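Report on the following structure.
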Number of protein chains: 4
Amino acid sequence: MAQKQSAPDATRRSERSRRAIYDAALALVVEVGYPKTTIEGIAARAGVGKQTIYRWWASKADVLLEAFLDLGERAARAAGASGRAAYALPDTGDLAADLKLVLRATVDELRDPAFEAPSRALAAEGVVNEEVGRRFVAELLEPSLRLYVDRLRSAQEAGHVRADVDPRIALELFVSPLAQRWLQRTGPLTHEYTDTLVDYALNGLAPR
Amino acid sequence: MAQKQSAPDATRRSERSRRAIYDAALALVVEVGYPKTTIEGIAARAGVGKQTIYRWWASKADVLLEAFLDLGERAARAAGASGRAAYALPDTGDLAADLKLVLRATVDELRDPAFEAPSRALAAEGVVNEEVGRRFVAELLEPSLRLYVDRLRSAQEAGHVRADVDPRIALELFVSPLAQRWLQRTGPLTHEYTDTLVDYALNGLAPR
Amino acid sequence: MAQKQSAPDATRRSERSRRAIYDAALALVVEVGYPKTTIEGIAARAGVGKQTIYRWWASKADVLLEAFLDLGERAARAAGASGRAAYALPDTGDLAADLKLVLRATVDELRDPAFEAPSRALAAEGVVNEEVGRRFVAELLEPSLRLYVDRLRSAQEAGHVRADVDPRIALELFVSPLAQRWLQRTGPLTHEYTDTLVDYALNGLAPR
Amino acid sequence: MAQKQSAPDATRRSERSRRAIYDAALALVVEVGYPKTTIEGIAARAGVGKQTIYRWWASKADVLLEAFLDLGERAARAAGASGRAAYALPDTGDLAADLKLVLRATVDELRDPAFEAPSRALAAEGVVNEEVGRRFVAELLEPSLRLYVDRLRSAQEAGHVRADVDPRIALELFVSPLAQRWLQRTGPLTHEYTDTLVDYALNGLAPR
DNA sequence: GACTAAGCGAGACGGTACGTCGGGTCTTTGT
DNA sequence: ACAAAGACCCGACGTACCGTCTCGCTTAGTC
């Protein structure tokens, strides 16, 4: 039951410092970029001792991951407060239309610098650092992908998608191309592009 | 007409040092990982002065990119010497079979540590560093993707793929999911998986 | 009439903690040396909160000074319990013999690590820190020196020392050389050496 | 033949940096005191990287010791340039007068802050750190003491000091009291005081 | 016998300095 | 003129302590 050298007492933790560190980390990544964001810089900007960061997080990536998750939660709470929680994709019965809508929204979000900078940084770190990568996928990516699985299942029940199709793989036909274009800049991210992806992919998944 | 600090005379460049630097860079990335691969470390391992690296390359990523390109060229030359150059995908007339074959080979290659470590490192760097990303895509990724475009065009001429399909987008239906699973570890990389991708995708692209 | 941060109530002070802190401080100075003895270390070893130290003492040197004084008192009490209190130097009428005896005993004491480590530490601190230096001299050194003054006065009355000699200065002729050899390691500390000092000092260097 | 981790090449050493470090160290010790003089502070003030200090010196005390030795050499060279080298004490034939003169000069020097601050710091460090203490004595103290030995020998030859007296010990009768008063502040440092010391030491305390 | 109010162990906190690593520049010495 | 070597200035690393500041918990002394 090994602990990381005499684990600190979480009940005594300063909420104030945590918030300040999240804010500083996100701001710095946006302003100067991930590589030039340093723990020292985060601490200075947050008005916090370095040790307070090292006490609660294992690495720069770890800080940013939590900060980004927190950002997402706050955004979700803000959205949820206004009545709607994004726990499911829209389901109007028209699969193609629903997917196009969601993917267009995703494209827009990927362009928001406040989201782009940290998520790109985390994605990059995750490519090379397996531990971070696993957390990134498990805590950020998978929850979203699961929504697609649900929507595709519903479509299968409605007979709009072939029953023998594995939704977890099917979703990659339109999600992965978008992800790759974004991550690797292999092509422009436009609404027309995602519409096309949905068209191409659904033709393959729809029953004849 | 400012040059980057009195541009060095390339004709006097030491081929010996270049080779040693490439080898050292690739070896270190495999052995200790990209983040712990340092310019000092490369220089020391290559038995070369640091300045020799700074004279000819702009950054660690730059060194590795060239080293990796060189590795590819050497591999291609070795393959080419044995008679066959991979300037085109196989074209037996059976598109699905050809794609499955190539993707299976790609899966195998992606698992070879000598290729995986540096290409993963470069991909990661490219995500966060636009300059590197552009070169990575242009010099490593696009040449391969163009082969898929060619093969899909040929299939269109043969009437196996709808004429109104854009091959550059179509190829992403099976290439991008593979890329994402590899980069982000969102799922296992198996031959069955790529076979499934091809099946799902081609159904959508094939004429009815 | 400002007091140092709302002076603590000494009547409520924990005797247990004070003892533990003294013991820990002295033990640490012996074991790891003065520079590596830290307030945190003392607190941890004494099983005491850091604040308990900061509440009652102004500095590491302050703790050690009191701890050492306490050690001296305990030693004196132990000696006193056995009947004899060292409130005066021996006075057999033979000044040279008495001084030699006392200085030999001093040499032996200076070699006892339990005394050497803390007193050396305090002396060093006192050299550079005037406040500590003054307390060290006033509370530890002067009381001993006064005994020499008394003994020399007695010798003057007996006509063994010239009447015009200032005893406070005279005592330095044999005490200071010993002190310097000890503090600065300018030479070996032996019984022969202190005997010689007494001879030289009492008789002078010039021929009669 | 163990070296301290791949010893640096002294021939490539920057004289400029060395000078700047000496100056900064001495200035800081005078201005803020030894304990608040930090390696980081020295480096900053000298306009030098910390590593340049760590490369050539083992500790703060080591830097200061060399800086102080260098200061002494420069002072000696300045004095030597004006014709007189202090390689010997004055020898007018009158031992008492010569000693009084020299000790009065010593008292004046001990009061010069530019000398006092660093030498006090080194003395303090030497009390607690044997390695530093030995170097301090060997390189700073002993050379001076040797001059007293020489002068006393000369006095012995002239019959002004008893032949059976050990000069190395005899000198401590007037030098050590001065040293202790200075180091430990056990009394005021005045010319009268040192005069008295010489009188007592040369003539002894006992009546003739 | 309950109610303050302090001292206390514990340890998180904002800081400063530590000693090390590596980045990128510059200089020296071959070759 | 490039190259090996490595000293240099600099900035960040992760750690150790500093001295301050809450947190419960115990322990008197007061109502």
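Identifiers for the structure tokens are assigned positionally: chains receive A, B, ... in sequence, residues are indexed from 1 per chain, and ligands are indexed from 1 in the order shown.
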Checklist entry - Which RMSD value, in Å, follows from superposing chain A onto chain C on all C-alpha atoms in order by least squares? => result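 Between these identical-sequence chains, the C-alpha RMSD is 1.5 Å.
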Checklist entry - Would you list which chain F residues are within 9 Å of chain A using only C-alpha atoms (C1' of nucleotides), as a PyMOL selection string? => result chain F and resi 12-15+22-23
Restrict the calculation to only C-alpha atoms, then for each residue of chain D with any atom at most 6 Å from an atom of chain C give the closest atom pair and their distance in Å to one decimal, rows by chain and rising residue number, as a tab-separated table.
```
residue	atom	partner	partner_atom	distance
D:Ala124	CA	C:Ala124	CA	4.5
D:Val127	CA	C:Leu183	CA	5.5
D:His160	CA	C:Ala206	CA	5.9
D:Val161	CA	C:Ala206	CA	4.5
D:Arg162	CA	C:Pro207	CA	5.2
D:Glu172	CA	C:Pro177	CA	5.5
D:Leu173	CA	C:Leu173	CA	5.0
D:Ser176	CA	C:Pro177	CA	4.9
D:Pro177	CA	C:Ser176	CA	4.9
D:Leu183	CA	C:Val127	CA	5.5
D:Gln184	CA	C:Val127	CA	5.9
D:Ala201	CA	C:Gly204	CA	5.3
D:Leu202	CA	C:Leu205	CA	4.7
D:Asn203	CA	C:Gly204	CA	4.2
D:Gly204	CA	C:Gly204	CA	3.0
D:Leu205	CA	C:Leu202	CA	4.7
D:Ala206	CA	C:Val161	CA	4.5
D:Pro207	CA	C:Arg162	CA	5.1
```
Deliver the residues from the most recent selection as a file, using N, CA, C and O atoms, as a CSV table (one decimal), in the first residue's frame.
```csv
chain,number,residue,atom,x,y,z
D,124,ALA,N,34.4,32.1,12.2
D,124,ALA,CA,33.2,31.4,12.7
D,124,ALA,C,33.0,30.1,11.9
D,124,ALA,O,32.8,29.1,12.6
D,127,VAL,N,35.4,27.4,13.1
D,127,VAL,CA,35.1,26.9,14.4
D,127,VAL,C,34.3,25.6,14.3
D,127,VAL,O,34.5,24.6,15.0
D,160,HIS,N,67.3,38.6,25.4
D,160,HIS,CA,66.2,39.3,26.0
D,160,HIS,C,65.1,38.4,26.4
D,160,HIS,O,64.1,38.8,27.0
D,161,VAL,N,65.1,37.2,25.9
D,161,VAL,CA,64.1,36.2,26.3
D,161,VAL,C,64.8,34.9,26.7
D,161,VAL,O,65.9,34.5,26.1
D,162,ARG,N,64.3,34.3,27.8
D,162,ARG,CA,65.0,33.1,28.3
D,162,ARG,C,65.2,32.0,27.2
D,162,ARG,O,64.3,31.8,26.4
D,172,GLU,N,51.7,33.0,22.0
D,172,GLU,CA,50.2,33.0,22.3
D,172,GLU,C,49.9,33.8,23.6
D,172,GLU,O,48.7,34.2,23.7
D,173,LEU,N,50.9,34.1,24.4
D,173,LEU,CA,50.6,34.9,25.6
D,173,LEU,C,50.0,36.3,25.3
D,173,LEU,O,49.2,36.8,26.0
D,176,SER,N,46.9,35.4,21.6
D,176,SER,CA,45.6,34.7,21.8
D,176,SER,C,44.7,35.6,22.6
D,176,SER,O,43.5,35.6,22.3
D,177,PRO,N,45.1,36.3,23.7
D,177,PRO,CA,44.2,37.2,24.4
D,177,PRO,C,43.5,38.2,23.4
D,177,PRO,O,42.3,38.4,23.5
D,183,LEU,N,37.3,37.8,18.8
D,183,LEU,CA,36.4,36.8,18.3
D,183,LEU,C,35.1,36.8,19.2
D,183,LEU,O,34.0,36.8,18.7
D,184,GLN,N,35.4,36.8,20.5
D,184,GLN,CA,34.3,36.5,21.4
D,184,GLN,C,33.8,37.8,22.1
D,184,GLN,O,32.9,37.7,22.9
D,201,ALA,N,53.2,39.6,29.7
D,201,ALA,CA,53.8,38.4,29.1
D,201,ALA,C,55.3,38.4,29.3
D,201,ALA,O,55.9,37.4,29.6
D,202,LEU,N,55.9,39.5,29.0
D,202,LEU,CA,57.3,39.6,29.0
D,202,LEU,C,57.9,39.5,30.4
D,202,LEU,O,58.9,38.8,30.6
D,203,ASN,N,57.2,40.1,31.4
D,203,ASN,CA,57.7,40.1,32.7
D,203,ASN,C,57.1,39.1,33.7
D,203,ASN,O,57.7,38.9,34.7
D,204,GLY,N,56.0,38.5,33.3
D,204,GLY,CA,55.4,37.5,34.2
D,204,GLY,C,54.5,38.2,35.2
D,204,GLY,O,54.6,39.5,35.4
D,205,LEU,N,53.8,37.4,35.9
D,205,LEU,CA,52.9,38.0,36.9
D,205,LEU,C,53.4,38.0,38.3
D,205,LEU,O,53.0,38.8,39.2
D,206,ALA,N,54.3,37.1,38.5
D,206,ALA,CA,54.9,36.9,39.9
D,206,ALA,C,55.9,38.0,40.2
D,206,ALA,O,56.6,38.5,39.3
D,207,PRO,N,56.0,38.4,41.4
D,207,PRO,CA,57.0,39.4,41.8
D,207,PRO,C,58.4,38.8,41.7
D,207,PRO,O,58.5,37.6,41.9
```
Checklist entry - Counting only C-alpha atoms (C1' of nucleotides), which of E:DC26, E:DC8, E:DC3, E:DC21 gets nearest to chain C? => result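 Among the listed residues, the smallest separation from chain C belongs to E:DC8.
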Next on the checklist: Select, as a list in words, those residues of chain A with any atom no more than 10 Å from chain E (distances computed using only C-alpha atoms (C1' of nucleotides)).
Outcome noted: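 Using only C-alpha atoms (C1' of nucleotides), chain A residues at most 10 Å from chain E: Pro8, Asp9, Ala10, Arg12, Arg13, Ser14, Ser17, Ala43, Gly47, Val48, Gly49, Lys50, Gln51, Thr52 and Arg55 of chain A.
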Residues of range 53-152 of chain B in alpha helix (DSSP H) according to DSSP, as a tab-separated table (two decimals) with N, CA, C and O atoms, in the first residue's frame?
```
chain	number	residue	atom	x	y	z
B	53	ILE	N	25.92	20.60	-33.62
B	53	ILE	CA	24.48	20.41	-33.77
B	53	ILE	C	23.79	21.75	-34.00
B	53	ILE	O	23.01	21.91	-34.93
B	54	TYR	N	24.12	22.71	-33.15
B	54	TYR	CA	23.46	24.01	-33.28
B	54	TYR	C	23.78	24.67	-34.61
B	54	TYR	O	22.99	25.47	-35.12
B	55	ARG	N	24.90	24.32	-35.19
B	55	ARG	CA	25.26	24.93	-36.47
B	55	ARG	C	24.33	24.48	-37.59
B	55	ARG	O	23.97	25.25	-38.47
B	56	TRP	N	23.92	23.23	-37.51
B	56	TRP	CA	23.20	22.68	-38.66
B	56	TRP	C	21.72	22.45	-38.44
B	56	TRP	O	20.98	22.23	-39.38
B	60	LYS	N	16.00	20.34	-31.26
B	60	LYS	CA	16.01	18.90	-31.05
B	60	LYS	C	15.05	18.22	-32.02
B	60	LYS	O	15.38	17.19	-32.62
B	61	ALA	N	13.86	18.79	-32.17
B	61	ALA	CA	12.86	18.19	-33.06
B	61	ALA	C	13.38	18.17	-34.50
B	61	ALA	O	13.15	17.21	-35.25
B	62	ASP	N	14.10	19.22	-34.85
B	62	ASP	CA	14.63	19.32	-36.19
B	62	ASP	C	15.63	18.19	-36.46
B	62	ASP	O	15.61	17.54	-37.50
B	63	VAL	N	16.50	17.98	-35.50
B	63	VAL	CA	17.46	16.88	-35.62
B	63	VAL	C	16.72	15.57	-35.82
B	63	VAL	O	17.01	14.80	-36.73
B	64	LEU	N	15.76	15.34	-34.95
B	64	LEU	CA	15.08	14.05	-34.97
B	64	LEU	C	14.30	13.87	-36.26
B	64	LEU	O	14.27	12.77	-36.84
B	65	LEU	N	13.69	14.93	-36.73
B	65	LEU	CA	12.92	14.84	-37.97
B	65	LEU	C	13.83	14.42	-39.13
B	65	LEU	O	13.52	13.48	-39.87
B	66	GLU	N	14.97	15.07	-39.22
B	66	GLU	CA	15.89	14.70	-40.30
B	66	GLU	C	16.45	13.31	-40.11
B	66	GLU	O	16.62	12.55	-41.07
B	67	ALA	N	16.73	12.99	-38.86
B	67	ALA	CA	17.26	11.66	-38.59
B	67	ALA	C	16.25	10.60	-39.01
B	67	ALA	O	16.60	9.58	-39.60
B	68	PHE	N	14.99	10.88	-38.73
B	68	PHE	CA	13.95	9.91	-39.04
B	68	PHE	C	13.72	9.83	-40.54
B	68	PHE	O	13.52	8.74	-41.10
B	69	LEU	N	13.74	10.97	-41.21
B	69	LEU	CA	13.62	10.96	-42.67
B	69	LEU	C	14.75	10.14	-43.28
B	69	LEU	O	14.56	9.33	-44.18
B	70	ASP	N	15.95	10.39	-42.76
B	70	ASP	CA	17.11	9.66	-43.26
B	70	ASP	C	16.95	8.17	-43.04
B	70	ASP	O	17.27	7.35	-43.90
B	71	LEU	N	16.42	7.82	-41.86
B	71	LEU	CA	16.19	6.41	-41.56
B	71	LEU	C	15.25	5.82	-42.59
B	71	LEU	O	15.47	4.73	-43.12
B	72	GLY	N	14.18	6.56	-42.90
B	72	GLY	CA	13.22	6.10	-43.89
B	72	GLY	C	13.87	5.90	-45.25
B	72	GLY	O	13.66	4.88	-45.92
B	73	GLU	N	14.69	6.88	-45.63
B	73	GLU	CA	15.36	6.77	-46.93
B	73	GLU	C	16.27	5.56	-47.00
B	73	GLU	O	16.33	4.85	-47.99
B	74	ARG	N	17.00	5.37	-45.89
B	74	ARG	CA	17.89	4.22	-45.88
B	74	ARG	C	17.09	2.93	-45.99
B	74	ARG	O	17.45	2.01	-46.73
B	75	ALA	N	15.98	2.87	-45.25
B	75	ALA	CA	15.14	1.68	-45.30
B	75	ALA	C	14.60	1.48	-46.71
B	75	ALA	O	14.60	0.37	-47.27
B	76	ALA	N	14.15	2.59	-47.32
B	76	ALA	CA	13.60	2.51	-48.68
B	76	ALA	C	14.67	2.05	-49.66
B	76	ALA	O	14.42	1.19	-50.52
B	77	ARG	N	15.88	2.59	-49.47
B	77	ARG	CA	16.96	2.22	-50.38
B	77	ARG	C	17.28	0.74	-50.24
B	77	ARG	O	17.50	0.03	-51.21
B	78	ALA	N	17.25	0.29	-48.99
B	78	ALA	CA	17.50	-1.13	-48.75
B	78	ALA	C	16.43	-1.97	-49.43
B	78	ALA	O	16.73	-2.97	-50.10
B	79	ALA	N	15.18	-1.55	-49.26
B	79	ALA	CA	14.08	-2.26	-49.91
B	79	ALA	C	14.20	-2.15	-51.43
B	79	ALA	O	14.04	-3.13	-52.16
B	80	GLY	N	14.51	-0.94	-51.89
B	80	GLY	CA	14.63	-0.69	-53.32
B	80	GLY	C	15.73	-1.52	-53.95
B	80	GLY	O	15.59	-2.04	-55.07
B	81	ALA	N	16.81	-1.67	-53.22
B	81	ALA	CA	17.93	-2.46	-53.73
B	81	ALA	C	17.50	-3.89	-54.00
B	81	ALA	O	17.97	-4.53	-54.94
B	95	LEU	N	-10.10	-3.76	-54.26
B	95	LEU	CA	-9.75	-2.64	-53.40
B	95	LEU	C	-9.70	-3.04	-51.94
B	95	LEU	O	-8.73	-2.74	-51.22
B	96	ALA	N	-10.74	-3.72	-51.47
B	96	ALA	CA	-10.81	-4.08	-50.06
B	96	ALA	C	-9.61	-4.91	-49.66
B	96	ALA	O	-8.94	-4.64	-48.66
B	97	ALA	N	-9.29	-5.89	-50.45
B	97	ALA	CA	-8.17	-6.76	-50.12
B	97	ALA	C	-6.86	-5.98	-50.10
B	97	ALA	O	-6.03	-6.14	-49.19
B	98	ASP	N	-6.69	-5.09	-51.10
B	98	ASP	CA	-5.46	-4.31	-51.15
B	98	ASP	C	-5.32	-3.43	-49.91
B	98	ASP	O	-4.25	-3.35	-49.30
B	99	LEU	N	-6.41	-2.77	-49.55
B	99	LEU	CA	-6.35	-1.88	-48.38
B	99	LEU	C	-6.08	-2.66	-47.10
B	99	LEU	O	-5.26	-2.25	-46.27
B	100	LYS	N	-6.75	-3.77	-46.96
B	100	LYS	CA	-6.53	-4.57	-45.75
B	100	LYS	C	-5.08	-5.00	-45.65
B	100	LYS	O	-4.47	-4.93	-44.57
B	101	LEU	N	-4.52	-5.39	-46.76
B	101	LEU	CA	-3.12	-5.81	-46.76
B	101	LEU	C	-2.21	-4.67	-46.29
B	101	LEU	O	-1.36	-4.84	-45.40
B	102	VAL	N	-2.41	-3.52	-46.89
B	102	VAL	CA	-1.55	-2.39	-46.55
B	102	VAL	C	-1.74	-1.95	-45.11
B	102	VAL	O	-0.76	-1.67	-44.40
B	103	LEU	N	-2.97	-1.93	-44.65
B	103	LEU	CA	-3.20	-1.49	-43.28
B	103	LEU	C	-2.65	-2.48	-42.27
B	103	LEU	O	-2.15	-2.09	-41.21
B	104	ARG	N	-2.73	-3.76	-42.61
B	104	ARG	CA	-2.12	-4.76	-41.73
B	104	ARG	C	-0.62	-4.52	-41.63
B	104	ARG	O	-0.03	-4.57	-40.54
B	105	ALA	N	-0.01	-4.23	-42.74
B	105	ALA	CA	1.44	-3.96	-42.73
B	105	ALA	C	1.74	-2.71	-41.91
B	105	ALA	O	2.73	-2.64	-41.17
B	106	THR	N	0.86	-1.72	-42.04
B	106	THR	CA	1.07	-0.48	-41.27
B	106	THR	C	0.99	-0.75	-39.78
B	106	THR	O	1.81	-0.26	-38.99
B	107	VAL	N	-0.01	-1.55	-39.40
B	107	VAL	CA	-0.13	-1.91	-37.99
B	107	VAL	C	1.17	-2.53	-37.49
B	107	VAL	O	1.69	-2.18	-36.41
B	108	ASP	N	1.71	-3.43	-38.27
B	108	ASP	CA	2.95	-4.09	-37.85
B	108	ASP	C	4.08	-3.08	-37.69
B	108	ASP	O	4.85	-3.13	-36.72
B	109	GLU	N	4.16	-2.19	-38.65
B	109	GLU	CA	5.23	-1.20	-38.59
B	109	GLU	C	5.10	-0.30	-37.37
B	109	GLU	O	6.09	0.04	-36.71
B	110	LEU	N	3.87	0.08	-37.08
B	110	LEU	CA	3.65	0.99	-35.95
B	110	LEU	C	4.08	0.36	-34.63
B	110	LEU	O	4.23	1.05	-33.63
B	111	ARG	N	4.23	-0.93	-34.64
B	111	ARG	CA	4.62	-1.61	-33.41
B	111	ARG	C	6.12	-1.80	-33.28
B	111	ARG	O	6.62	-2.12	-32.20
B	113	PRO	N	9.49	-0.81	-32.35
B	113	PRO	CA	9.97	0.27	-31.48
B	113	PRO	C	10.92	1.23	-32.20
B	113	PRO	O	10.91	2.44	-31.94
B	114	ALA	N	11.73	0.72	-33.09
B	114	ALA	CA	12.68	1.59	-33.79
B	114	ALA	C	11.96	2.64	-34.62
B	114	ALA	O	12.50	3.72	-34.88
B	115	PHE	N	10.74	2.33	-35.04
B	115	PHE	CA	9.95	3.33	-35.76
B	115	PHE	C	9.02	4.08	-34.81
B	115	PHE	O	8.82	5.28	-34.94
B	116	GLU	N	8.48	3.34	-33.86
B	116	GLU	CA	7.48	3.94	-33.01
B	116	GLU	C	8.01	5.10	-32.19
B	116	GLU	O	7.41	6.18	-32.16
B	117	ALA	N	9.14	4.89	-31.51
B	117	ALA	CA	9.64	5.92	-30.61
B	117	ALA	C	9.84	7.25	-31.32
B	117	ALA	O	9.28	8.27	-30.91
B	118	PRO	N	10.62	7.28	-32.39
B	118	PRO	CA	10.83	8.59	-33.02
B	118	PRO	C	9.58	9.15	-33.67
B	118	PRO	O	9.34	10.37	-33.60
B	119	SER	N	8.78	8.33	-34.29
B	119	SER	CA	7.63	8.92	-34.97
B	119	SER	C	6.60	9.42	-33.96
B	119	SER	O	5.98	10.47	-34.16
B	120	ARG	N	6.47	8.72	-32.87
B	120	ARG	CA	5.58	9.19	-31.82
B	120	ARG	C	6.10	10.52	-31.26
B	120	ARG	O	5.35	11.47	-31.03
B	121	ALA	N	7.40	10.59	-31.05
B	121	ALA	CA	8.00	11.82	-30.54
B	121	ALA	C	7.74	12.98	-31.49
B	121	ALA	O	7.34	14.08	-31.08
B	122	LEU	N	7.93	12.73	-32.77
B	122	LEU	CA	7.73	13.80	-33.75
B	122	LEU	C	6.26	14.19	-33.84
B	122	LEU	O	5.93	15.38	-33.96
B	123	ALA	N	5.40	13.21	-33.78
B	123	ALA	CA	3.97	13.51	-33.81
B	123	ALA	C	3.60	14.39	-32.62
B	123	ALA	O	2.91	15.40	-32.77
B	124	ALA	N	4.09	14.01	-31.44
B	124	ALA	CA	3.79	14.78	-30.24
B	124	ALA	C	4.29	16.21	-30.39
B	124	ALA	O	3.57	17.18	-30.11
B	125	GLU	N	5.53	16.33	-30.80
B	125	GLU	CA	6.09	17.66	-30.98
B	125	GLU	C	5.27	18.46	-31.97
B	125	GLU	O	4.99	19.65	-31.79
B	126	GLY	N	4.86	17.79	-33.03
B	126	GLY	CA	4.09	18.46	-34.07
B	126	GLY	C	2.74	18.96	-33.61
B	126	GLY	O	2.22	19.95	-34.11
B	127	VAL	N	2.17	18.27	-32.63
B	127	VAL	CA	0.86	18.69	-32.14
B	127	VAL	C	0.94	20.08	-31.52
B	127	VAL	O	0.03	20.89	-31.64
B	128	VAL	N	2.05	20.34	-30.89
B	128	VAL	CA	2.18	21.55	-30.10
B	128	VAL	C	3.02	22.61	-30.80
B	128	VAL	O	2.96	23.79	-30.47
B	130	GLU	N	3.69	24.10	-34.35
B	130	GLU	CA	3.12	24.11	-35.70
B	130	GLU	C	4.16	23.90	-36.79
B	130	GLU	O	3.95	23.14	-37.73
B	131	GLU	N	5.29	24.58	-36.65
B	131	GLU	CA	6.37	24.45	-37.63
B	131	GLU	C	6.77	22.99	-37.83
B	131	GLU	O	6.84	22.47	-38.95
B	132	VAL	N	7.02	22.32	-36.71
B	132	VAL	CA	7.40	20.91	-36.79
B	132	VAL	C	6.24	20.09	-37.34
B	132	VAL	O	6.42	19.20	-38.17
B	133	GLY	N	5.04	20.42	-36.88
B	133	GLY	CA	3.86	19.68	-37.34
B	133	GLY	C	3.73	19.74	-38.85
B	133	GLY	O	3.48	18.72	-39.51
B	134	ARG	N	3.91	20.91	-39.41
B	134	ARG	CA	3.76	21.06	-40.86
B	134	ARG	C	4.79	20.21	-41.60
B	134	ARG	O	4.49	19.53	-42.58
B	135	ARG	N	6.02	20.26	-41.10
B	135	ARG	CA	7.05	19.47	-41.78
B	135	ARG	C	6.77	17.98	-41.63
B	135	ARG	O	6.94	17.21	-42.56
B	136	PHE	N	6.36	17.58	-40.44
B	136	PHE	CA	6.05	16.18	-40.20
B	136	PHE	C	5.01	15.69	-41.18
B	136	PHE	O	5.17	14.64	-41.82
B	142	GLU	N	2.01	13.00	-45.73
B	142	GLU	CA	1.37	13.23	-47.02
B	142	GLU	C	1.86	12.27	-48.11
B	142	GLU	O	1.04	11.74	-48.88
B	143	PRO	N	3.16	12.05	-48.22
B	143	PRO	CA	3.61	11.13	-49.28
B	143	PRO	C	2.91	9.78	-49.20
B	143	PRO	O	2.56	9.20	-50.23
B	144	SER	N	2.69	9.31	-47.97
B	144	SER	CA	1.99	8.04	-47.83
B	144	SER	C	0.53	8.18	-48.21
B	144	SER	O	-0.04	7.33	-48.91
B	145	LEU	N	-0.08	9.25	-47.75
B	145	LEU	CA	-1.51	9.43	-48.02
B	145	LEU	C	-1.76	9.54	-49.52
B	145	LEU	O	-2.79	9.07	-50.03
B	146	ARG	N	-0.81	10.14	-50.22
B	146	ARG	CA	-0.99	10.29	-51.66
B	146	ARG	C	-1.14	8.93	-52.35
B	146	ARG	O	-1.85	8.80	-53.34
B	147	LEU	N	-0.48	7.94	-51.78
B	147	LEU	CA	-0.60	6.60	-52.37
B	147	LEU	C	-2.03	6.09	-52.26
B	147	LEU	O	-2.54	5.41	-53.17
B	148	TYR	N	-2.66	6.42	-51.13
B	148	TYR	CA	-4.06	6.01	-50.97
B	148	TYR	C	-4.94	6.75	-51.97
B	148	TYR	O	-5.85	6.17	-52.57
B	149	VAL	N	-4.65	8.04	-52.16
B	149	VAL	CA	-5.43	8.80	-53.15
B	149	VAL	C	-5.33	8.14	-54.51
B	149	VAL	O	-6.34	7.92	-55.20
B	150	ASP	N	-4.12	7.79	-54.89
B	150	ASP	CA	-3.92	7.16	-56.19
B	150	ASP	C	-4.71	5.86	-56.31
B	150	ASP	O	-5.40	5.62	-57.31
B	151	ARG	N	-4.62	5.07	-55.26
B	151	ARG	CA	-5.30	3.77	-55.31
B	151	ARG	C	-6.82	3.96	-55.40
B	151	ARG	O	-7.51	3.22	-56.12
B	152	LEU	N	-7.33	4.96	-54.64
B	152	LEU	CA	-8.77	5.20	-54.68
B	152	LEU	C	-9.20	5.74	-56.04
B	152	LEU	O	-10.27	5.38	-56.56
```
Next on the checklist: One decimal, in Å: what's the spacing between CA of Glu192 in chain C and CA of Tyr87 in chain C?
Outcome noted: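 Computing the Euclidean distance for CA of Glu192 in chain C and CA of Tyr87 in chain C yields 25.8 Å.
Note that C1' of DT25 in chain E and CA of Arg45 in chain B are 21.1 Å apart.
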